[in-house]
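*Asks:* Data file coords.cif (mmCIF, C-alpha atoms) is appended below.
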data_data
loop_
_atom_site.label_atom_id
_atom_site.label_comp_id
_atom_site.auth_asym_id
_atom_site.auth_seq_id
_atom_site.Cartn_x
_atom_site.Cartn_y
_atom_site.Cartn_z
CA MET X 619 1.98 -20.31 -1.50
CA ASN X 620 -0.94 -19.78 -3.86
CA GLU X 621 -1.02 -17.56 -6.94
CA SER X 622 -3.07 -14.80 -5.31
CA VAL X 623 -1.69 -11.43 -4.27
CA LEU X 624 -2.95 -12.40 -0.80
CA VAL X 625 -1.66 -15.07 1.56
CA THR X 626 -3.57 -16.52 4.50
CA ALA X 627 -2.05 -16.81 7.94
CA GLU X 628 -1.99 -20.60 7.68
CA GLU X 629 -0.30 -20.48 4.27
CA LEU X 630 2.30 -18.12 5.67
CA ARG X 631 2.95 -20.41 8.65
CA GLN X 632 3.50 -23.33 6.31
CA SER X 633 5.76 -21.42 3.95
CA LEU X 634 7.92 -20.08 6.82
CA ALA X 635 8.54 -23.68 7.87
CA GLY X 636 9.50 -24.72 4.34
CA ASP X 637 12.78 -24.88 2.47
CA ARG X 638 12.34 -21.46 0.79
CA PRO X 639 10.63 -19.19 3.29
CA PRO X 640 9.51 -15.77 2.13
CA LEU X 641 11.03 -12.53 3.34
CA VAL X 642 8.46 -11.02 5.72
CA LEU X 643 8.17 -7.25 6.14
CA ASP X 644 6.32 -5.61 9.02
CA CYS X 645 4.75 -2.41 7.65
CA ARG X 646 2.88 -1.24 10.73
CA ALA X 647 2.55 2.52 10.89
CA ARG X 648 0.70 5.26 12.74
CA LEU X 649 0.30 8.34 10.59
CA ASP X 650 0.08 10.57 13.66
CA ALA X 651 3.23 9.11 15.28
CA ALA X 652 6.16 8.51 12.98
CA ALA X 653 8.16 6.40 15.44
CA ALA X 654 5.28 4.12 16.43
CA GLY X 655 5.70 1.58 13.64
CA LYS X 656 9.23 0.60 14.58
CA ARG X 657 8.35 0.60 18.28
CA LEU X 658 5.47 -1.81 17.65
CA TRP X 659 7.76 -4.08 15.64
CA GLN X 660 10.35 -4.05 18.42
CA GLU X 661 7.71 -5.00 20.99
CA SER X 662 6.47 -8.02 18.99
CA HIS X 663 6.34 -9.21 15.40
CA ILE X 664 6.00 -12.25 13.19
CA PRO X 665 9.22 -14.22 13.76
CA GLY X 666 11.98 -13.27 11.34
CA SER X 667 10.21 -10.20 10.00
CA TYR X 668 11.98 -6.94 9.26
CA HIS X 669 10.53 -3.48 9.79
CA LEU X 670 9.63 -1.37 6.74
CA ASP X 671 9.02 2.23 7.76
CA MET X 672 6.32 4.36 6.15
CA ASP X 673 8.14 7.68 6.54
CA ARG X 674 11.73 6.53 6.07
CA ASP X 675 11.34 3.73 3.50
CA LEU X 676 8.00 4.12 1.72
CA SER X 677 7.89 7.92 1.43
CA ARG X 678 10.07 10.97 1.21
CA PRO X 679 9.50 14.08 3.35
CA PRO X 680 6.24 16.00 2.78
CA GLY X 681 6.23 18.86 0.30
CA ASP X 682 6.10 18.79 -3.47
CA GLY X 683 4.04 15.68 -4.14
CA GLY X 684 1.88 15.83 -1.02
CA ARG X 685 2.08 14.40 2.49
CA HIS X 686 3.63 11.04 1.55
CA PRO X 687 5.45 11.48 -1.76
CA LEU X 688 7.07 8.41 -3.26
CA PRO X 689 10.80 8.14 -2.63
CA SER X 690 13.18 8.48 -5.55
CA HIS X 691 14.14 5.41 -7.56
CA GLU X 692 17.58 5.54 -5.97
CA ALA X 693 16.28 5.81 -2.41
CA PHE X 694 13.82 2.93 -2.74
CA ALA X 695 16.37 0.76 -4.54
CA ALA X 696 18.70 1.33 -1.58
CA THR X 697 15.94 0.22 0.80
CA ILE X 698 15.32 -2.89 -1.29
CA GLN X 699 19.01 -3.76 -1.28
CA ARG X 700 19.41 -3.08 2.45
CA LEU X 701 16.60 -5.51 3.24
CA GLY X 702 17.97 -8.18 0.94
CA ILE X 703 14.94 -8.17 -1.36
CA GLU X 704 15.55 -10.13 -4.56
CA PRO X 705 13.18 -11.23 -7.35
CA GLN X 706 14.01 -14.88 -6.66
CA ARG X 707 12.60 -14.79 -3.12
CA ALA X 708 8.93 -14.29 -2.30
CA VAL X 709 8.00 -11.34 -0.09
CA VAL X 710 5.08 -11.08 2.35
CA VAL X 711 4.03 -7.72 3.78
CA TYR X 712 1.69 -7.14 6.71
CA ASP X 713 0.39 -4.55 9.13
CA ASP X 714 -2.14 -4.53 11.93
CA ARG X 715 -4.88 -1.96 11.39
CA GLY X 716 -6.71 0.18 8.88
CA GLY X 717 -7.40 -2.71 6.55
CA GLN X 718 -3.81 -3.38 5.48
CA LEU X 719 -3.28 0.18 4.22
CA SER X 720 0.46 0.44 4.82
CA ALA X 721 0.99 -3.14 3.69
CA ALA X 722 -0.91 -2.30 0.49
CA ARG X 723 1.39 0.68 -0.08
CA ALA X 724 4.43 -1.60 0.32
CA TRP X 725 2.86 -4.20 -2.01
CA TRP X 726 2.21 -1.57 -4.67
CA MET X 727 5.72 -0.12 -4.46
CA LEU X 728 7.42 -3.51 -4.60
CA ALA X 729 5.15 -5.36 -7.04
CA CYS X 730 3.61 -2.72 -9.31
CA TRP X 731 6.31 -0.06 -9.31
CA ALA X 732 9.59 -1.91 -8.71
CA GLY X 733 8.43 -5.03 -10.54
CA HIS X 734 9.04 -7.75 -7.95
CA PRO X 735 7.27 -10.87 -9.30
CA ASP X 736 6.06 -12.38 -6.02
CA VAL X 737 4.76 -10.04 -3.31
CA ARG X 738 1.79 -11.03 -1.15
CA VAL X 739 -0.21 -9.22 1.50
CA LEU X 740 -1.10 -11.14 4.65
CA ASP X 741 -4.90 -11.21 4.46
CA GLY X 742 -6.32 -9.90 7.71
CA GLY X 743 -2.91 -8.71 8.88
CA LEU X 744 -1.41 -9.39 12.29
CA PRO X 745 -4.82 -10.06 13.94
CA ALA X 746 -5.40 -12.92 11.49
CA TRP X 747 -1.92 -14.29 12.23
CA GLN X 748 -2.61 -14.30 15.96
CA ALA X 749 -6.11 -15.76 15.53
CA ALA X 750 -4.55 -18.65 13.58
CA GLY X 751 -2.20 -19.37 16.46
CA GLY X 752 0.82 -17.72 14.90
CA GLU X 753 3.64 -16.99 17.30
CA LEU X 754 5.10 -13.56 17.95
CA ALA X 755 8.76 -12.77 18.53
CA THR X 756 10.49 -9.95 20.36
CA ASP X 757 14.06 -10.55 19.21
CA GLU X 758 15.35 -8.64 16.21
CA PRO X 759 16.41 -10.96 13.39
CA ALA X 760 19.97 -10.90 12.18
CA PRO X 761 20.53 -8.39 9.38
CA SER X 762 19.50 -9.80 6.04
CA LEU X 763 22.18 -10.23 3.42
CA SER X 764 22.06 -7.18 1.19
CA SER X 765 20.99 -7.73 -2.40
CA GLN X 766 22.28 -6.29 -5.63
CA TRP X 767 18.88 -6.08 -7.30
CA GLN X 768 18.39 -2.96 -9.40
CA PRO X 769 14.64 -2.68 -10.05
CA ASP X 770 13.37 -1.50 -13.40
CA PHE X 771 10.78 0.94 -12.09
CA ASP X 772 7.56 1.19 -14.09
CA ASP X 773 6.58 4.83 -13.88
CA THR X 774 3.64 4.23 -16.22
CA MET X 775 1.84 2.96 -13.09
CA ILE X 776 1.91 6.55 -11.80
CA ILE X 777 -0.04 9.41 -13.34
CA PRO X 778 1.39 12.91 -12.86
CA VAL X 779 -0.97 15.66 -11.84
CA ARG X 780 -0.55 17.48 -15.17
CA ASP X 781 -2.06 14.47 -16.98
CA LEU X 782 -4.75 13.64 -14.47
CA LEU X 783 -7.68 15.48 -16.05
CA GLU X 784 -6.33 15.79 -19.58
CA GLU X 785 -6.35 12.03 -20.21
CA GLY X 786 -9.88 11.36 -19.04
CA GLY X 787 -10.94 8.09 -17.47
CA LEU X 788 -12.42 7.36 -14.08
CA LEU X 789 -11.01 8.74 -10.83
CA VAL X 790 -11.60 6.52 -7.79
CA ASP X 791 -11.21 8.13 -4.36
CA ALA X 792 -10.30 5.68 -1.58
CA ARG X 793 -11.11 8.01 1.33
CA GLY X 794 -14.24 7.68 3.43
CA GLU X 795 -17.50 9.13 2.18
CA ALA X 796 -17.58 12.06 4.62
CA ARG X 797 -14.15 13.27 3.51
CA PHE X 798 -15.05 12.69 -0.14
CA ARG X 799 -18.19 14.82 0.18
CA GLY X 800 -16.28 17.49 2.07
CA ASP X 801 -18.42 17.12 5.19
CA GLU X 802 -15.23 16.78 7.23
CA GLU X 803 -11.49 17.01 6.65
CA PRO X 804 -9.40 16.00 9.66
CA ILE X 805 -6.01 16.12 7.94
CA ASP X 806 -5.75 18.38 4.91
CA ALA X 807 -6.37 22.13 4.72
CA VAL X 808 -9.16 21.91 2.12
CA ALA X 809 -12.16 19.57 2.04
CA GLY X 810 -13.78 17.94 -0.98
CA HIS X 811 -12.66 15.81 -3.91
CA ILE X 812 -11.35 16.03 -7.44
CA PRO X 813 -14.23 16.81 -9.82
CA GLY X 814 -15.59 13.76 -11.60
CA ALA X 815 -14.27 11.27 -9.06
CA VAL X 816 -16.31 8.48 -7.50
CA CYS X 817 -15.91 7.29 -3.93
CA ARG X 818 -14.74 3.74 -3.19
CA PRO X 819 -13.61 3.73 0.44
CA SER X 820 -10.78 1.28 1.03
CA SER X 821 -12.78 -0.14 3.94
CA ALA X 822 -15.42 -1.33 1.44
CA ASN X 823 -12.92 -3.87 0.09
CA LEU X 824 -13.00 -5.87 3.32
CA GLU X 825 -15.29 -8.20 5.17
CA ALA X 826 -16.19 -7.48 8.78
CA ASP X 827 -13.28 -9.63 10.00
CA GLY X 828 -10.74 -7.48 8.16
CA ARG X 829 -10.08 -9.92 5.35
CA PHE X 830 -10.62 -9.06 1.70
CA LYS X 831 -13.92 -9.83 0.07
CA SER X 832 -13.94 -12.60 -2.51
CA PRO X 833 -12.56 -11.89 -5.98
CA GLN X 834 -16.03 -12.36 -7.45
CA ARG X 835 -17.65 -9.87 -5.10
CA LEU X 836 -14.90 -7.30 -5.60
CA ALA X 837 -15.19 -7.66 -9.37
CA GLU X 838 -18.89 -6.85 -9.07
CA GLU X 839 -18.42 -3.87 -6.76
CA LEU X 840 -15.29 -2.05 -7.94
CA PRO X 841 -15.86 0.90 -10.28
CA GLY X 842 -14.90 0.04 -13.83
CA ALA X 843 -13.82 1.98 -16.91
CA ASP X 844 -11.27 1.75 -19.70
CA LYS X 845 -8.92 3.97 -17.69
CA VAL X 846 -9.02 4.06 -13.90
CA THR X 847 -6.87 6.17 -11.59
CA ALA X 848 -6.87 5.67 -7.83
CA TYR X 849 -6.18 8.42 -5.32
CA CYS X 850 -6.83 9.19 -1.65
CA GLY X 851 -5.45 11.68 0.86
CA SER X 852 -1.74 11.08 0.35
CA GLY X 853 -1.30 7.97 -1.80
CA ILE X 854 -1.61 5.23 0.84
CA SER X 855 -5.21 4.00 0.96
CA ALA X 856 -5.40 4.38 -2.83
CA CYS X 857 -2.94 1.47 -3.00
CA HIS X 858 -5.50 -0.58 -1.06
CA ASP X 859 -8.06 0.04 -3.80
CA ILE X 860 -5.45 -0.96 -6.41
CA LEU X 861 -4.78 -4.12 -4.42
CA ALA X 862 -8.51 -4.87 -4.43
CA TYR X 863 -8.50 -4.66 -8.23
CA ALA X 864 -5.61 -7.13 -8.23
CA VAL X 865 -7.47 -9.50 -5.89
CA ALA X 866 -10.47 -9.30 -8.25
CA GLY X 867 -8.28 -10.10 -11.27
CA LEU X 868 -9.12 -6.77 -12.92
CA PRO X 869 -6.77 -4.39 -14.76
CA LEU X 870 -4.89 -2.30 -12.25
CA PRO X 871 -5.64 1.42 -11.92
CA ARG X 872 -2.81 3.88 -12.06
CA LEU X 873 -1.90 5.75 -8.90
CA TYR X 874 -2.06 9.50 -8.43
CA ALA X 875 0.65 9.30 -5.80
CA GLY X 876 0.33 12.83 -4.42
CA SER X 877 -3.44 12.48 -4.20
CA TRP X 878 -5.64 15.08 -2.48
CA SER X 879 -2.78 16.53 -0.41
CA ASP X 880 -0.94 17.33 -3.63
CA TRP X 881 -4.00 18.42 -5.61
CA ILE X 882 -4.88 21.20 -3.17
CA ARG X 883 -1.36 22.66 -3.20
CA ASP X 884 -2.36 24.61 -6.31
CA PRO X 885 -5.37 26.85 -5.51
CA SER X 886 -6.25 27.10 -9.21
CA ARG X 887 -7.22 23.42 -9.38
CA PRO X 888 -10.96 22.78 -9.20
CA ILE X 889 -12.58 21.26 -6.12
CA ALA X 890 -15.91 19.49 -5.82
CA THR X 891 -18.05 18.73 -2.76
CA GLY X 892 -21.11 16.59 -2.23
CA GLU X 893 -21.79 13.27 -3.91
#
For the structure just supplied, provide its representation as structure tokens.
*Replies:*
Amino acid sequence: MNESVLVTAEELRQSLAGDRPPLVLDCRARLDAAAAGKRLWQESHIPGSYHLDMDRDLSRPPGDGGRHPLPSHEAFAATIQRLGIEPQRAVVVYDDRGGQLSAARAWWMLACWAGHPDVRVLDGGLPAWQAAGGELATDEPAPSLSSQWQPDFDDTMIIPVRDLLEEGGLLVDARGEARFRGDEEPIDAVAGHIPGAVCRPSSANLEADGRFKSPQRLAEELPGADKVTAYCGSGISACHDILAYAVAGLPLPRLYAGSWSDWIRDPSRPIATGE
């Protein structure tokens, strides 16, 4: 495969037929139906892929830290070991909608946080795989051999809420413009955004066909500053913005993992609306 953080459907097909195929993880999720991701994987998936669950594997239960808090080091290391993830074997993550949002979350957790050296996102997701003639399977692959990898988690990639405004820098909000302005809020109890933030919807990172824009175009469009922090509603679509910075070859923003759903838990924190 190439050196990008993305992999095309054709590149994935070729690598799966090679001597050292990557470990493929199906990250499909529906935020309004916790069981839907696994059901979709059971119905059909890229052959040999394993299911990675948003609620069970990529988050811990809602509460302190927002709607999708990161799991503990120990819990995510156990997930990594259960799936047989090792630094010596490439990993490809994919999903099927929302512009690779859940796949971007998995990429960030594995590559940026856990430090896996070779994690790619399938550009265009499952629709791109099918459009390229990729087959789908319904059988569940045999359990992967468990690994003994103990990741060295890099918590400097995460900014805690207490440091968010004290350290300065640019806040980039990955939610849509209407939610950013506070015109609507379909999920959280309070509308608006963190004061001083700028809006970069995760959807703006993609072409009309669902694939990422070119590195050159992303480098021109993405908000820049010496320090950048990405956030969203609950720490998922923010990872898509971070992935876009990686595609562009730019320094990676830190993640405010709790994001808006964590920010509004404290009524003393300021809230902005409008542009």
*Asks:* Decode the PyMOL selection byres ((chain X and resi 863) around 12) for the given file into explicit residues and return them as number ranges by chain.
*Replies:* X: 622-623, 722, 726, 790, 818, 820, 823, 830-842, 846-848, 856-862, 864-872
*Asks:* Using only C-alpha atoms, please write the residues we just selected to a file, as a compact mmCIF listing (two decimals), keeping the file's coordinate frame.
*Replies:*
# COMPACT_ATOMS: atom_id res chain seq x y z
CA SER X 622 -3.07 -14.80 -5.31
CA VAL X 623 -1.69 -11.43 -4.27
CA ALA X 722 -0.91 -2.30 0.49
CA TRP X 726 2.21 -1.57 -4.67
CA VAL X 790 -11.60 6.52 -7.79
CA ARG X 818 -14.74 3.74 -3.19
CA SER X 820 -10.78 1.28 1.03
CA ASN X 823 -12.92 -3.87 0.09
CA PHE X 830 -10.62 -9.06 1.70
CA LYS X 831 -13.92 -9.83 0.07
CA SER X 832 -13.94 -12.60 -2.51
CA PRO X 833 -12.56 -11.89 -5.98
CA GLN X 834 -16.03 -12.36 -7.45
CA ARG X 835 -17.65 -9.87 -5.10
CA LEU X 836 -14.90 -7.30 -5.60
CA ALA X 837 -15.19 -7.66 -9.37
CA GLU X 838 -18.89 -6.85 -9.07
CA GLU X 839 -18.42 -3.87 -6.76
CA LEU X 840 -15.29 -2.05 -7.94
CA PRO X 841 -15.86 0.90 -10.28
CA GLY X 842 -14.90 0.04 -13.83
CA VAL X 846 -9.02 4.06 -13.90
CA THR X 847 -6.87 6.17 -11.59
CA ALA X 848 -6.87 5.67 -7.83
CA ALA X 856 -5.40 4.38 -2.83
CA CYS X 857 -2.94 1.47 -3.00
CA HIS X 858 -5.50 -0.58 -1.06
CA ASP X 859 -8.06 0.04 -3.80
CA ILE X 860 -5.45 -0.96 -6.41
CA LEU X 861 -4.78 -4.12 -4.42
CA ALA X 862 -8.51 -4.87 -4.43
CA ALA X 864 -5.61 -7.13 -8.23
CA VAL X 865 -7.47 -9.50 -5.89
CA ALA X 866 -10.47 -9.30 -8.25
CA GLY X 867 -8.28 -10.10 -11.27
CA LEU X 868 -9.12 -6.77 -12.92
CA PRO X 869 -6.77 -4.39 -14.76
CA LEU X 870 -4.89 -2.30 -12.25
CA PRO X 871 -5.64 1.42 -11.92
CA ARG X 872 -2.81 3.88 -12.06
*Asks:* Step by step: start from the point (2.4, -5.1, -5.2) in the file's coordinates, keep every protein, DNA or RNA residue that has an atom no farther than 8 Å from it, count only C-alpha atoms, and write the set as a ChimeraX atom specification.
*Replies:* /X:623,722-731,734,737-738,861
*Asks:* Could those selected residues go to a file with C-alpha atoms, as a short mmCIF file (atom, residue, chain, number, x, y, z; two decimals), in the coordinates of the input?
*Replies:*
data_model
loop_
_atom_site.label_atom_id
_atom_site.label_comp_id
_atom_site.auth_asym_id
_atom_site.auth_seq_id
_atom_site.Cartn_x
_atom_site.Cartn_y
_atom_site.Cartn_z
CA VAL X 623 -1.69 -11.43 -4.27
CA ALA X 722 -0.91 -2.30 0.49
CA ARG X 723 1.39 0.68 -0.08
CA ALA X 724 4.43 -1.60 0.32
CA TRP X 725 2.86 -4.20 -2.01
CA TRP X 726 2.21 -1.57 -4.67
CA MET X 727 5.72 -0.12 -4.46
CA LEU X 728 7.42 -3.51 -4.60
CA ALA X 729 5.15 -5.36 -7.04
CA CYS X 730 3.61 -2.72 -9.31
CA TRP X 731 6.31 -0.06 -9.31
CA HIS X 734 9.04 -7.75 -7.95
CA VAL X 737 4.76 -10.04 -3.31
CA ARG X 738 1.79 -11.03 -1.15
CA LEU X 861 -4.78 -4.12 -4.42
#
*Asks:* For the provided coordinates, the residues matched by the PyMOL selection byres ((chain X and resi 827) around 10) should be stated as a PyMOL selection string.
*Replies:* chain X and resi 717+742+745-746+824-826+828-831
*Asks:* What is the distance between CA of Arg648 (chain X) and CA of Gly810 (chain X), in Å to one decimal?
*Replies:*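 Atom-to-atom, CA of Arg648 (chain X) and CA of Gly810 (chain X) are spaced 23.6 Å apart.
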*Asks:* Applied to this file, what does the PyMOL selection byres ((chain X and resi 750) around 12) return in terms of residues, put as a PyMOL selection string?
*Replies:* chain X and resi 626-632+741-749+751-754
*Asks:* Only C-alpha atoms, please: the residues just picked out, written as a JSON list (two decimals), keeping the file's coordinate frame.
*Replies:*
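File out_6.json, as written:
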[["chain", "number", "residue", "atom", "x", "y", "z"],
["X", 626, "THR", "CA", -3.57, -16.52, 4.50],
["X", 627, "ALA", "CA", -2.05, -16.81, 7.94],
["X", 628, "GLU", "CA", -1.99, -20.60, 7.68],
["X", 629, "GLU", "CA", -0.30, -20.48, 4.27],
["X", 630, "LEU", "CA", 2.30, -18.12, 5.67],
["X", 631, "ARG", "CA", 2.95, -20.41, 8.65],
["X", 632, "GLN", "CA", 3.50, -23.33, 6.31],
["X", 741, "ASP", "CA", -4.90, -11.21, 4.46],
["X", 742, "GLY", "CA", -6.32, -9.90, 7.71],
["X", 743, "GLY", "CA", -2.91, -8.71, 8.88],
["X", 744, "LEU", "CA", -1.41, -9.39, 12.29],
["X", 745, "PRO", "CA", -4.82, -10.06, 13.94],
["X", 746, "ALA", "CA", -5.40, -12.92, 11.49],
["X", 747, "TRP", "CA", -1.92, -14.29, 12.23],
["X", 748, "GLN", "CA", -2.61, -14.30, 15.96],
["X", 749, "ALA", "CA", -6.11, -15.76, 15.53],
["X", 751, "GLY", "CA", -2.20, -19.37, 16.46],
["X", 752, "GLY", "CA", 0.82, -17.72, 14.90],
["X", 753, "GLU", "CA", 3.64, -16.99, 17.30],
["X", 754, "LEU", "CA", 5.10, -13.56, 17.95]]
*Asks:* Which residues come within 12 Å of Gly814 (chain X), counting only C-alpha atoms, excluding same-chain residues fewer than 6 positions away, as a tab-separated table (two decimals) with C-alpha atoms, in the coordinates of the input?
*Replies:*
chain	number	residue	atom	x	y	z
X	782	LEU	CA	-4.75	13.64	-14.47
X	783	LEU	CA	-7.68	15.48	-16.05
X	786	GLY	CA	-9.88	11.36	-19.04
X	787	GLY	CA	-10.94	8.09	-17.47
X	788	LEU	CA	-12.42	7.36	-14.08
X	789	LEU	CA	-11.01	8.74	-10.83
X	790	VAL	CA	-11.60	6.52	-7.79
X	791	ASP	CA	-11.21	8.13	-4.36
X	798	PHE	CA	-15.05	12.69	-0.14
X	846	VAL	CA	-9.02	4.06	-13.90
X	847	THR	CA	-6.87	6.17	-11.59
X	888	PRO	CA	-10.96	22.78	-9.20
X	889	ILE	CA	-12.58	21.26	-6.12
X	890	ALA	CA	-15.91	19.49	-5.82
X	891	THR	CA	-18.05	18.73	-2.76
X	892	GLY	CA	-21.11	16.59	-2.23
X	893	GLU	CA	-21.79	13.27	-3.91
*Asks:* May I ask which of the residues X:Val642, X:Ala732, X:Ile703, X:Leu688 is the closest one to Ile664 (chain X), counting only C-alpha atoms?
*Replies:*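 The shortest atom-to-atom distance to Ile664 (chain X) comes from X:Val642.
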*Asks:* Contacts of region 764-766 of chain X at 9 Å or less, counting all atoms listed in the file, minus same-chain residues fewer than 3 places along, as a count of residues only?
*Replies:* 8
*Asks:* Let me have the centre and edge lengths in Å, one decimal, of the box along x, y and z around every listed atom of region 815-831 of chain X with 3 Å of margin on each side, as AutoDock Vina command-line options.
*Replies:*
--center_x -13.2 --center_y 0.7 --center_z 0.5 --size_x 12.2 --size_y 27.2 --size_z 25.1
*Asks:* With distances taken over all atoms listed in the file, which of X:Gly876, X:Pro885, X:Pro735, X:Pro640 is nearest to Asp682 (chain X)?
*Replies:*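 Between X:Gly876, X:Pro885, X:Pro735, X:Pro640, the residue approaching Asp682 (chain X) most closely is X:Gly876.
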*Asks:* One number please: CA of Gln660 (chain X) to CA of Asp757 (chain X), in Å, one decimal.
*Replies:*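 It comes out at 7.5 Å.
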*Asks:* Using all atoms listed in the file, find each residue in region 745-802 of chain X having at least one atom no more than 9 Å away from region 693-697 of chain X; report its shortest atom-to-atom pair and that distance in Å (one decimal), rows by chain then rising number, as a tab-separated table.
*Replies:*
residue	atom	partner	partner_atom	distance
X:Trp767	CA	X:Ala695	CA	7.8
X:Gln768	CA	X:Ala695	CA	6.4
X:Pro769	CA	X:Ala695	CA	6.7
*Asks:* Convert the current residue selection to file output with C-alpha atoms, as a short mmCIF file (atom, residue, chain, number, x, y, z; two decimals), in the frame of the given file.
*Replies:*
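Now in result.cif:
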data_model
loop_
_atom_site.label_atom_id
_atom_site.label_comp_id
_atom_site.auth_asym_id
_atom_site.auth_seq_id
_atom_site.Cartn_x
_atom_site.Cartn_y
_atom_site.Cartn_z
CA TRP X 767 18.88 -6.08 -7.30
CA GLN X 768 18.39 -2.96 -9.40
CA PRO X 769 14.64 -2.68 -10.05
#
*Asks:* Could you jot down the CA of Leu641 (chain X) to CA of Cys850 (chain X) separation for me, Å, one decimal place?
*Replies:*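 Between these atoms lies a distance of 28.6 Å.
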*Asks:* Pick out the residues sitting within 7 Å of Pro819 (chain X), and hand them over as a list in words; count only C-alpha atoms, and ignore anything fewer than 3 positions along from it in its own chain.
*Replies:*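 The residues that qualify are Asp791, Ala792, Arg793, Gly794, Glu795 and Ala822 of chain X.
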*Asks:* Around (0.2, 18.9, -14.2), as given in the file, which residues come within 12 Å? Count all atoms listed in the file and list them as a list in words.
*Replies:*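 I get Gly683, Ile777, Pro778, Val779, Arg780, Asp781, Leu782, Leu783, Glu784, Glu785, Tyr874, Gly876, Asp880, Trp881, Arg883, Asp884, Ser886 and Arg887 of chain X for the residues within 12 Å of that point.
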